[in-house]
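Heads up, entry_29.cif below (mmCIF, C-alpha atoms (C1' of nucleotides)):
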data_coords
#
loop_
_atom_site.label_atom_id
_atom_site.label_comp_id
_atom_site.auth_asym_id
_atom_site.auth_seq_id
_atom_site.Cartn_x
_atom_site.Cartn_y
_atom_site.Cartn_z
CA MET A 1 14.46 -4.92 14.39
CA SER A 2 13.65 -1.61 12.80
CA LEU A 3 15.26 1.81 12.69
CA ALA A 4 12.35 3.14 14.74
CA GLN A 5 13.13 0.66 17.48
CA ILE A 6 16.77 1.74 17.44
CA ARG A 7 15.75 5.39 17.62
CA TYR A 8 13.40 4.65 20.49
CA PHE A 9 16.09 2.72 22.30
CA VAL A 10 18.62 5.54 22.04
CA ALA A 11 16.08 8.05 23.31
CA VAL A 12 15.13 5.90 26.28
CA ALA A 13 18.75 5.14 27.07
CA GLU A 14 19.66 8.81 27.03
CA GLU A 15 16.61 9.97 28.99
CA GLY A 16 16.38 7.12 31.42
CA HIS A 17 12.61 7.48 31.17
CA VAL A 18 10.17 6.00 28.72
CA GLY A 19 7.84 8.95 29.13
CA ARG A 20 10.63 11.46 28.57
CA ALA A 21 11.85 9.60 25.54
CA ALA A 22 8.33 9.52 24.15
CA GLU A 23 8.10 13.29 24.57
CA ARG A 24 11.37 13.79 22.75
CA LEU A 25 10.21 11.47 19.97
CA HIS A 26 6.81 13.19 19.77
CA VAL A 27 4.96 9.94 20.34
CA ALA A 28 2.99 8.51 23.25
CA GLN A 29 4.54 6.45 26.01
CA PRO A 30 2.99 3.03 25.30
CA PRO A 31 4.42 2.65 21.79
CA VAL A 32 7.90 3.37 23.08
CA SER A 33 7.51 0.89 25.91
CA ARG A 34 6.23 -1.70 23.49
CA GLN A 35 9.01 -1.25 20.95
CA ILE A 36 11.66 -1.47 23.64
CA ARG A 37 10.11 -4.72 24.76
CA ALA A 38 10.04 -6.00 21.21
CA LEU A 39 13.67 -5.04 20.74
CA GLU A 40 14.71 -6.87 23.87
CA ASP A 41 12.67 -9.84 22.80
CA GLU A 42 14.27 -9.93 19.38
CA ILE A 43 17.81 -9.54 20.69
CA GLY A 44 17.05 -12.11 23.32
CA THR A 45 18.30 -10.28 26.37
CA PRO A 46 17.06 -7.38 28.52
CA LEU A 47 18.62 -4.05 27.67
CA PHE A 48 17.20 -2.05 30.57
CA ALA A 49 16.56 -2.63 34.24
CA ARG A 50 13.10 -1.40 35.22
CA THR A 51 13.40 0.62 38.40
CA PRO A 52 10.68 2.52 40.25
CA ARG A 53 12.31 5.73 39.03
CA GLY A 54 12.67 4.82 35.38
CA MET A 55 14.87 2.70 33.14
CA THR A 56 18.53 1.92 33.79
CA LEU A 57 20.81 0.67 31.06
CA LEU A 58 22.12 -2.85 31.65
CA PRO A 59 25.57 -3.90 30.36
CA PRO A 60 24.14 -5.42 27.16
CA GLY A 61 22.18 -2.20 26.70
CA GLU A 62 25.28 -0.09 26.99
CA VAL A 63 26.98 -2.19 24.36
CA PHE A 64 23.95 -1.97 22.12
CA LEU A 65 23.68 1.78 22.63
CA ASP A 66 27.09 2.28 21.11
CA HIS A 67 26.14 0.25 18.05
CA ALA A 68 22.72 1.91 17.82
CA ARG A 69 24.22 5.37 17.60
CA ALA A 70 26.61 4.19 14.92
CA ILE A 71 23.74 2.71 12.92
CA LEU A 72 21.65 5.88 13.04
CA GLU A 73 24.65 7.93 12.03
CA ALA A 74 25.41 5.54 9.19
CA VAL A 75 21.84 5.87 7.94
CA GLU A 76 22.13 9.65 7.97
CA ARG A 77 25.42 9.51 6.12
CA ALA A 78 24.13 7.04 3.56
CA GLY A 79 21.37 9.28 2.29
CA ASP A 80 23.58 12.31 2.54
CA ALA A 81 26.35 10.68 0.52
CA ALA A 82 23.97 9.58 -2.24
CA ARG A 83 22.45 13.04 -2.42
CA ALA A 84 25.85 14.69 -2.57
CA PHE A 85 26.94 12.32 -5.30
CA ALA A 86 23.81 13.02 -7.29
CA ALA A 87 24.62 16.72 -7.34
CA GLY A 88 28.22 16.02 -8.36
CA PRO A 89 30.78 13.68 -6.81
CA CYS A 90 33.75 16.03 -6.98
CA VAL A 91 33.62 17.96 -10.23
CA ARG A 92 30.63 19.84 -11.53
CA PRO A 93 29.84 19.88 -15.26
CA ALA A 94 30.42 23.63 -14.94
CA ARG A 95 27.32 24.73 -16.79
CA ARG A 96 28.08 28.49 -17.02
CA SER A 97 29.16 28.36 -13.40
CA SER A 98 32.38 30.16 -12.58
CA ALA A 99 32.81 29.24 -8.91
CA ALA A 100 33.26 25.58 -8.01
CA GLY A 101 31.19 26.08 -4.89
CA MET B 1 13.86 4.93 5.18
CA SER B 2 13.64 1.52 6.77
CA LEU B 3 15.93 -1.46 7.11
CA ALA B 4 13.64 -3.38 4.78
CA GLN B 5 14.15 -0.77 2.08
CA ILE B 6 17.90 -1.01 2.56
CA ARG B 7 17.77 -4.79 2.34
CA TYR B 8 15.64 -4.58 -0.81
CA PHE B 9 18.02 -2.08 -2.32
CA VAL B 10 21.08 -4.26 -1.72
CA ALA B 11 19.32 -7.27 -3.21
CA VAL B 12 18.27 -5.37 -6.34
CA ALA B 13 21.70 -3.82 -6.71
CA GLU B 14 23.39 -7.20 -6.49
CA GLU B 15 20.93 -8.99 -8.75
CA GLY B 16 20.36 -6.25 -11.27
CA HIS B 17 16.77 -7.43 -11.46
CA VAL B 18 13.78 -6.55 -9.33
CA GLY B 19 12.22 -9.93 -9.94
CA ARG B 20 15.41 -11.76 -9.03
CA ALA B 21 15.82 -9.69 -5.90
CA ALA B 22 12.22 -10.42 -4.93
CA GLU B 23 12.89 -14.14 -5.31
CA ARG B 24 15.96 -13.90 -3.12
CA LEU B 25 14.00 -11.92 -0.52
CA HIS B 26 11.06 -14.35 -0.67
CA VAL B 27 8.61 -11.59 -1.50
CA ALA B 28 6.71 -10.61 -4.64
CA GLN B 29 8.08 -8.26 -7.26
CA PRO B 30 5.74 -5.26 -6.85
CA PRO B 31 6.60 -4.59 -3.19
CA VAL B 32 10.29 -4.51 -4.03
CA SER B 33 9.69 -2.17 -6.93
CA ARG B 34 7.61 0.11 -4.72
CA GLN B 35 10.10 0.22 -1.87
CA ILE B 36 12.94 1.03 -4.24
CA ARG B 37 10.84 3.86 -5.62
CA ALA B 38 10.08 5.07 -2.10
CA LEU B 39 13.76 4.94 -1.21
CA GLU B 40 14.72 6.96 -4.26
CA ASP B 41 11.96 9.40 -3.48
CA GLU B 42 13.11 9.83 0.10
CA ILE B 43 16.76 10.24 -0.78
CA GLY B 44 15.76 12.61 -3.53
CA THR B 45 17.74 11.11 -6.38
CA PRO B 46 17.43 8.01 -8.62
CA LEU B 47 19.58 5.10 -7.51
CA PHE B 48 18.98 2.87 -10.52
CA ALA B 49 18.66 3.29 -14.24
CA ARG B 50 15.69 1.32 -15.59
CA THR B 51 16.80 -0.57 -18.66
CA PRO B 52 14.82 -3.04 -20.75
CA ARG B 53 17.02 -5.79 -19.32
CA GLY B 54 16.74 -4.85 -15.66
CA MET B 55 18.10 -2.29 -13.24
CA THR B 56 21.52 -0.70 -13.47
CA LEU B 57 23.15 1.03 -10.55
CA LEU B 58 23.70 4.75 -11.05
CA PRO B 59 26.65 6.53 -9.40
CA PRO B 60 24.57 7.68 -6.42
CA GLY B 61 23.33 4.13 -6.12
CA GLU B 62 26.85 2.75 -6.00
CA VAL B 63 27.70 5.16 -3.23
CA PHE B 64 24.56 4.25 -1.36
CA LEU B 65 25.20 0.54 -1.82
CA ASP B 66 28.45 0.81 0.08
CA HIS B 67 26.73 2.54 2.97
CA ALA B 68 23.76 0.18 2.85
CA ARG B 69 25.97 -2.88 3.27
CA ALA B 70 27.70 -1.21 6.19
CA ILE B 71 24.36 -0.45 7.84
CA LEU B 72 23.08 -4.00 7.53
CA GLU B 73 26.34 -5.35 8.87
CA ALA B 74 26.22 -2.88 11.76
CA VAL B 75 22.72 -4.03 12.62
CA GLU B 76 23.85 -7.63 12.65
CA ARG B 77 26.80 -6.80 14.85
CA ALA B 78 24.71 -4.70 17.23
CA GLY B 79 22.40 -7.53 18.21
CA ASP B 80 25.25 -9.99 18.23
CA ALA B 81 27.33 -7.81 20.54
CA ALA B 82 24.48 -7.32 22.99
CA ARG B 83 23.76 -11.04 23.02
CA ALA B 84 27.39 -11.90 23.57
CA PHE B 85 27.60 -9.40 26.39
CA ALA B 86 24.49 -10.83 28.01
CA ALA B 87 26.08 -14.26 28.21
CA GLY B 88 29.21 -12.75 29.70
CA PRO B 89 31.59 -10.12 28.29
CA CYS B 90 34.74 -11.94 29.33
CA VAL B 91 34.23 -13.27 32.84
CA ARG B 92 31.16 -14.98 34.21
CA PRO B 93 29.69 -13.68 37.52
CA ALA B 94 29.92 -17.27 38.79
CA ARG B 95 26.60 -17.25 40.59
CA ARG B 96 27.39 -19.98 43.14
CA SER B 97 27.57 -22.51 40.33
CA SER B 98 29.63 -25.61 40.95
CA ALA B 99 31.35 -25.69 37.57
CA ALA B 100 33.07 -22.51 36.38
CA GLY B 101 32.79 -23.24 32.72
"C1'" DG C 1 5.63 -5.72 -39.68
"C1'" DG C 2 3.13 -8.59 -36.16
"C1'" DC C 3 3.56 -11.53 -32.13
"C1'" DA C 4 5.45 -13.48 -28.04
"C1'" DC C 5 8.41 -12.71 -24.20
"C1'" DC C 6 11.12 -10.29 -21.01
"C1'" DC C 7 11.21 -6.39 -17.81
"C1'" DG C 8 9.38 -2.94 -14.25
"C1'" DA C 9 5.29 -0.26 -12.73
"C1'" DG C 10 0.39 0.63 -11.34
"C1'" DA C 11 -4.32 -0.57 -9.22
"C1'" DT C 12 -6.71 -2.94 -5.81
"C1'" DC C 13 -7.57 -5.75 -1.70
"C1'" DG C 14 -6.66 -8.20 2.72
"C1'" DA C 15 -3.52 -8.65 6.61
"C1'" DA C 16 -0.20 -7.17 9.75
"C1'" DA C 17 2.00 -3.37 12.24
"C1'" DC C 18 1.91 0.93 14.33
"C1'" DG C 19 0.40 4.58 17.32
"C1'" DG C 20 -3.17 6.70 20.48
"C1'" DT C 21 -6.40 6.60 24.40
"C1'" DA C 22 -7.85 4.56 28.55
"C1'" DT C 23 -6.64 1.63 32.20
"C1'" DT C 24 -3.97 -1.47 35.30
"C1'" DG C 25 -0.31 -2.83 38.56
"C1'" DG C 26 3.91 -1.88 41.42
"C1'" DA C 27 6.88 1.24 44.39
"C1'" DC C 28 7.67 5.35 47.19
"C1'" DG C 29 6.46 9.34 50.31
"C1'" DC C 30 3.30 11.44 53.45
"C1'" DG D 1 -4.14 3.95 53.48
"C1'" DC D 2 -3.98 7.36 49.76
"C1'" DG D 3 -1.96 10.07 46.18
"C1'" DT D 4 1.76 10.22 42.91
"C1'" DC D 5 4.91 8.56 39.46
"C1'" DC D 6 6.53 5.03 36.69
"C1'" DA D 7 6.16 1.32 33.06
"C1'" DA D 8 3.07 -2.20 31.17
"C1'" DT D 9 -1.32 -3.91 29.18
"C1'" DA D 10 -6.03 -3.86 26.66
"C1'" DC D 11 -8.36 -2.23 23.07
"C1'" DC D 12 -9.31 0.42 18.82
"C1'" DG D 13 -8.58 3.26 14.50
"C1'" DT D 14 -5.37 4.27 11.10
"C1'" DT D 15 -1.67 3.38 8.32
"C1'" DT D 16 1.55 0.57 6.02
"C1'" DC D 17 2.89 -3.50 3.86
"C1'" DG D 18 2.69 -7.40 0.84
"C1'" DA D 19 0.10 -10.44 -2.66
"C1'" DT D 20 -2.61 -10.92 -6.81
"C1'" DC D 21 -3.87 -9.18 -11.07
"C1'" DT D 22 -3.11 -6.20 -14.84
"C1'" DC D 23 -0.80 -2.77 -17.91
"C1'" DG D 24 2.85 -0.32 -20.68
"C1'" DG D 25 7.67 -0.41 -22.72
"C1'" DG D 26 11.26 -2.56 -25.27
"C1'" DT D 27 13.47 -6.59 -27.69
"C1'" DG D 28 14.05 -10.76 -30.50
"C1'" DC D 29 12.10 -13.91 -33.66
"C1'" DC D 30 9.81 -15.29 -37.73
#
Represent the structure contained in this file as structure tokens.
Amino acid sequence: MSLAQIRYFVAVAEEGHVGRAAERLHVAQPPVSRQIRALEDEIGTPLFARTPRGMTLLPPGEVFLDHARAILEAVERAGDAARAFAAGPCVRPARRSSAAG
Amino acid sequence: MSLAQIRYFVAVAEEGHVGRAAERLHVAQPPVSRQIRALEDEIGTPLFARTPRGMTLLPPGEVFLDHARAILEAVERAGDAARAFAAGPCVRPARRSSAAG
DNA sequence: GGCACCCGAGATCGAAACGGTATTGGACGC
DNA sequence: GCGTCCAATACCGTTTCGATCTCGGGTGCC
């Protein structure tokens, strides 16, 4: 399980199409299809139902989608929080700076 | 940023040693050192202070550690939730099986 | 003061993973 | 039956990753 797989999964779940998701992710279709397969294989249960019109989220997929979004958001926040703390957690050393920002 | 980097980071933060963390992760020391460097580079700020006795968590690193643990736990829960839902969220569809449980 | 020992970091090489292109197989509409 | 649209597979080049080997920095000991 990788963050790329989670990103791919969210894109496919939201688009309902592997090809569409691939476009949104700026990658080709086969890699997305493959990673979704790998994700399902690792989790141990199908996440999508393959229909002639695209991909439909199965119940386990819907559950996973909720968690997947939370994970991606947490990753964003993690880096953001560390960066913000590096600049100054709450007080700035006030090096000839009048405004606190 | 990858889940492996996050796992490496947590291990180093908890051990205070790159070598120790590598042992715990069952990998060699250089890869861990490199991934930590890459993580710091991607976030844009140092997470550890390199001391002659090992690695010490800097304030941004402490903040990131909290988020990192949450991410890893969320990943665990995501797969677990999907698996549990695949077996049956609360009721089983009872596909003409003789025994209900 | 020199030497041995700890630590992390760098260089290099082989293996695994990833993504891209081309192609296949299944379902629907005409 | 054929063309179209969809995901899945085969195959290949590139990239990334990890392992081994080696180096530089700092400390403690004698």
Output the contact residues of chain B with respect to chain C at a cut-off of 9 Å, based on all atoms listed in the file, as a list in words.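 So the residues of chain B near chain C are His17, Val18, Gly19, Gln29, Pro30, Ser33, Arg34, Arg50, Thr51, Pro52, Arg53, Gly54 and Met55 of chain B.
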Ordered Cα pairing of chain A with chain B, RMSD after least-squares superposition: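 Here the C-alpha RMSD works out to 1.6 Å.
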List the residues sitting within 9 Å of (18.0, -3.2, -5.8) in the file's frame, using only C-alpha atoms (C1' of nucleotides), as a PyMOL selection string. chain B and resi 6-18+21+32-33+36+47-48+55-57
Could you list, with a cut-off of 7 Å and counting all atoms listed in the file, the residues of chain D near chain B, each shown with its nearest atom pair and the distance in Å rounded to one decimal, rows sorted by chain and ascending number, as a tab-separated table?
residue	atom	partner	partner_atom	distance
D:DG18	C1'	B:Pro31	CA	6.3
D:DA19	C1'	B:Ala28	CA	6.9
D:DG26	C1'	B:Pro52	CA	5.8
For chain A, which of B:Ile43, B:Ala87, B:Leu58, B:Ala22 is the closest residue, counting all atoms listed in the file? B:Ile43
Residues of chain B near chain A: apply a cut-off of 12 Å, count only C-alpha atoms, and supply the list as a PDB file with C-alpha atoms, keeping the file's coordinate frame.
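Produced file selection14.pdb, reproduced below:
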ATOM      1  CA  MET B   1      13.860   4.930   5.180  1.00  0.00           C
ATOM      2  CA  SER B   2      13.640   1.520   6.770  1.00  0.00           C
ATOM      3  CA  LEU B   3      15.930  -1.460   7.110  1.00  0.00           C
ATOM      4  CA  ALA B   4      13.640  -3.380   4.780  1.00  0.00           C
ATOM      5  CA  GLN B   5      14.150  -0.770   2.080  1.00  0.00           C
ATOM      6  CA  ILE B   6      17.900  -1.010   2.560  1.00  0.00           C
ATOM      7  CA  ARG B   7      17.770  -4.790   2.340  1.00  0.00           C
ATOM      8  CA  LEU B  39      13.760   4.940  -1.210  1.00  0.00           C
ATOM      9  CA  GLU B  40      14.720   6.960  -4.260  1.00  0.00           C
ATOM     10  CA  ASP B  41      11.960   9.400  -3.480  1.00  0.00           C
ATOM     11  CA  GLU B  42      13.110   9.830   0.100  1.00  0.00           C
ATOM     12  CA  ILE B  43      16.760  10.240  -0.780  1.00  0.00           C
ATOM     13  CA  GLY B  44      15.760  12.610  -3.530  1.00  0.00           C
ATOM     14  CA  THR B  45      17.740  11.110  -6.380  1.00  0.00           C
ATOM     15  CA  PRO B  46      17.430   8.010  -8.620  1.00  0.00           C
ATOM     16  CA  LEU B  47      19.580   5.100  -7.510  1.00  0.00           C
ATOM     17  CA  PHE B  48      18.980   2.870 -10.520  1.00  0.00           C
ATOM     18  CA  LEU B  57      23.150   1.030 -10.550  1.00  0.00           C
ATOM     19  CA  LEU B  58      23.700   4.750 -11.050  1.00  0.00           C
ATOM     20  CA  PRO B  59      26.650   6.530  -9.400  1.00  0.00           C
ATOM     21  CA  PRO B  60      24.570   7.680  -6.420  1.00  0.00           C
ATOM     22  CA  GLY B  61      23.330   4.130  -6.120  1.00  0.00           C
ATOM     23  CA  GLU B  62      26.850   2.750  -6.000  1.00  0.00           C
ATOM     24  CA  VAL B  63      27.700   5.160  -3.230  1.00  0.00           C
ATOM     25  CA  PHE B  64      24.560   4.250  -1.360  1.00  0.00           C
ATOM     26  CA  LEU B  65      25.200   0.540  -1.820  1.00  0.00           C
ATOM     27  CA  ASP B  66      28.450   0.810   0.080  1.00  0.00           C
ATOM     28  CA  HIS B  67      26.730   2.540   2.970  1.00  0.00           C
ATOM     29  CA  ALA B  68      23.760   0.180   2.850  1.00  0.00           C
ATOM     30  CA  ARG B  69      25.970  -2.880   3.270  1.00  0.00           C
ATOM     31  CA  ALA B  70      27.700  -1.210   6.190  1.00  0.00           C
ATOM     32  CA  ILE B  71      24.360  -0.450   7.840  1.00  0.00           C
ATOM     33  CA  LEU B  72      23.080  -4.000   7.530  1.00  0.00           C
ATOM     34  CA  GLU B  73      26.340  -5.350   8.870  1.00  0.00           C
ATOM     35  CA  ALA B  74      26.220  -2.880  11.760  1.00  0.00           C
ATOM     36  CA  VAL B  75      22.720  -4.030  12.620  1.00  0.00           C
ATOM     37  CA  GLU B  76      23.850  -7.630  12.650  1.00  0.00           C
ATOM     38  CA  ARG B  77      26.800  -6.800  14.850  1.00  0.00           C
ATOM     39  CA  ALA B  78      24.710  -4.700  17.230  1.00  0.00           C
ATOM     40  CA  GLY B  79      22.400  -7.530  18.210  1.00  0.00           C
ATOM     41  CA  ASP B  80      25.250  -9.990  18.230  1.00  0.00           C
ATOM     42  CA  ALA B  81      27.330  -7.810  20.540  1.00  0.00           C
ATOM     43  CA  ALA B  82      24.480  -7.320  22.990  1.00  0.00           C
ATOM     44  CA  ARG B  83      23.760 -11.040  23.020  1.00  0.00           C
ATOM     45  CA  ALA B  84      27.390 -11.900  23.570  1.00  0.00           C
ATOM     46  CA  PHE B  85      27.600  -9.400  26.390  1.00  0.00           C
ATOM     47  CA  ALA B  86      24.490 -10.830  28.010  1.00  0.00           C
ATOM     48  CA  ALA B  87      26.080 -14.260  28.210  1.00  0.00           C
ATOM     49  CA  GLY B  88      29.210 -12.750  29.700  1.00  0.00           C
ATOM     50  CA  PRO B  89      31.590 -10.120  28.290  1.00  0.00           C
TER      51      PRO B  89
END
Rounded to one decimal in Å, what is the spacing between C1' of DA8 in chain D and CA of Ala38 in chain A? 12.7 Å
Suppose you want the space between C1' of DT22 in chain D and CA of Arg24 in chain B; what is it in Å?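 That distance, rounded to one decimal, is 23.7 Å.
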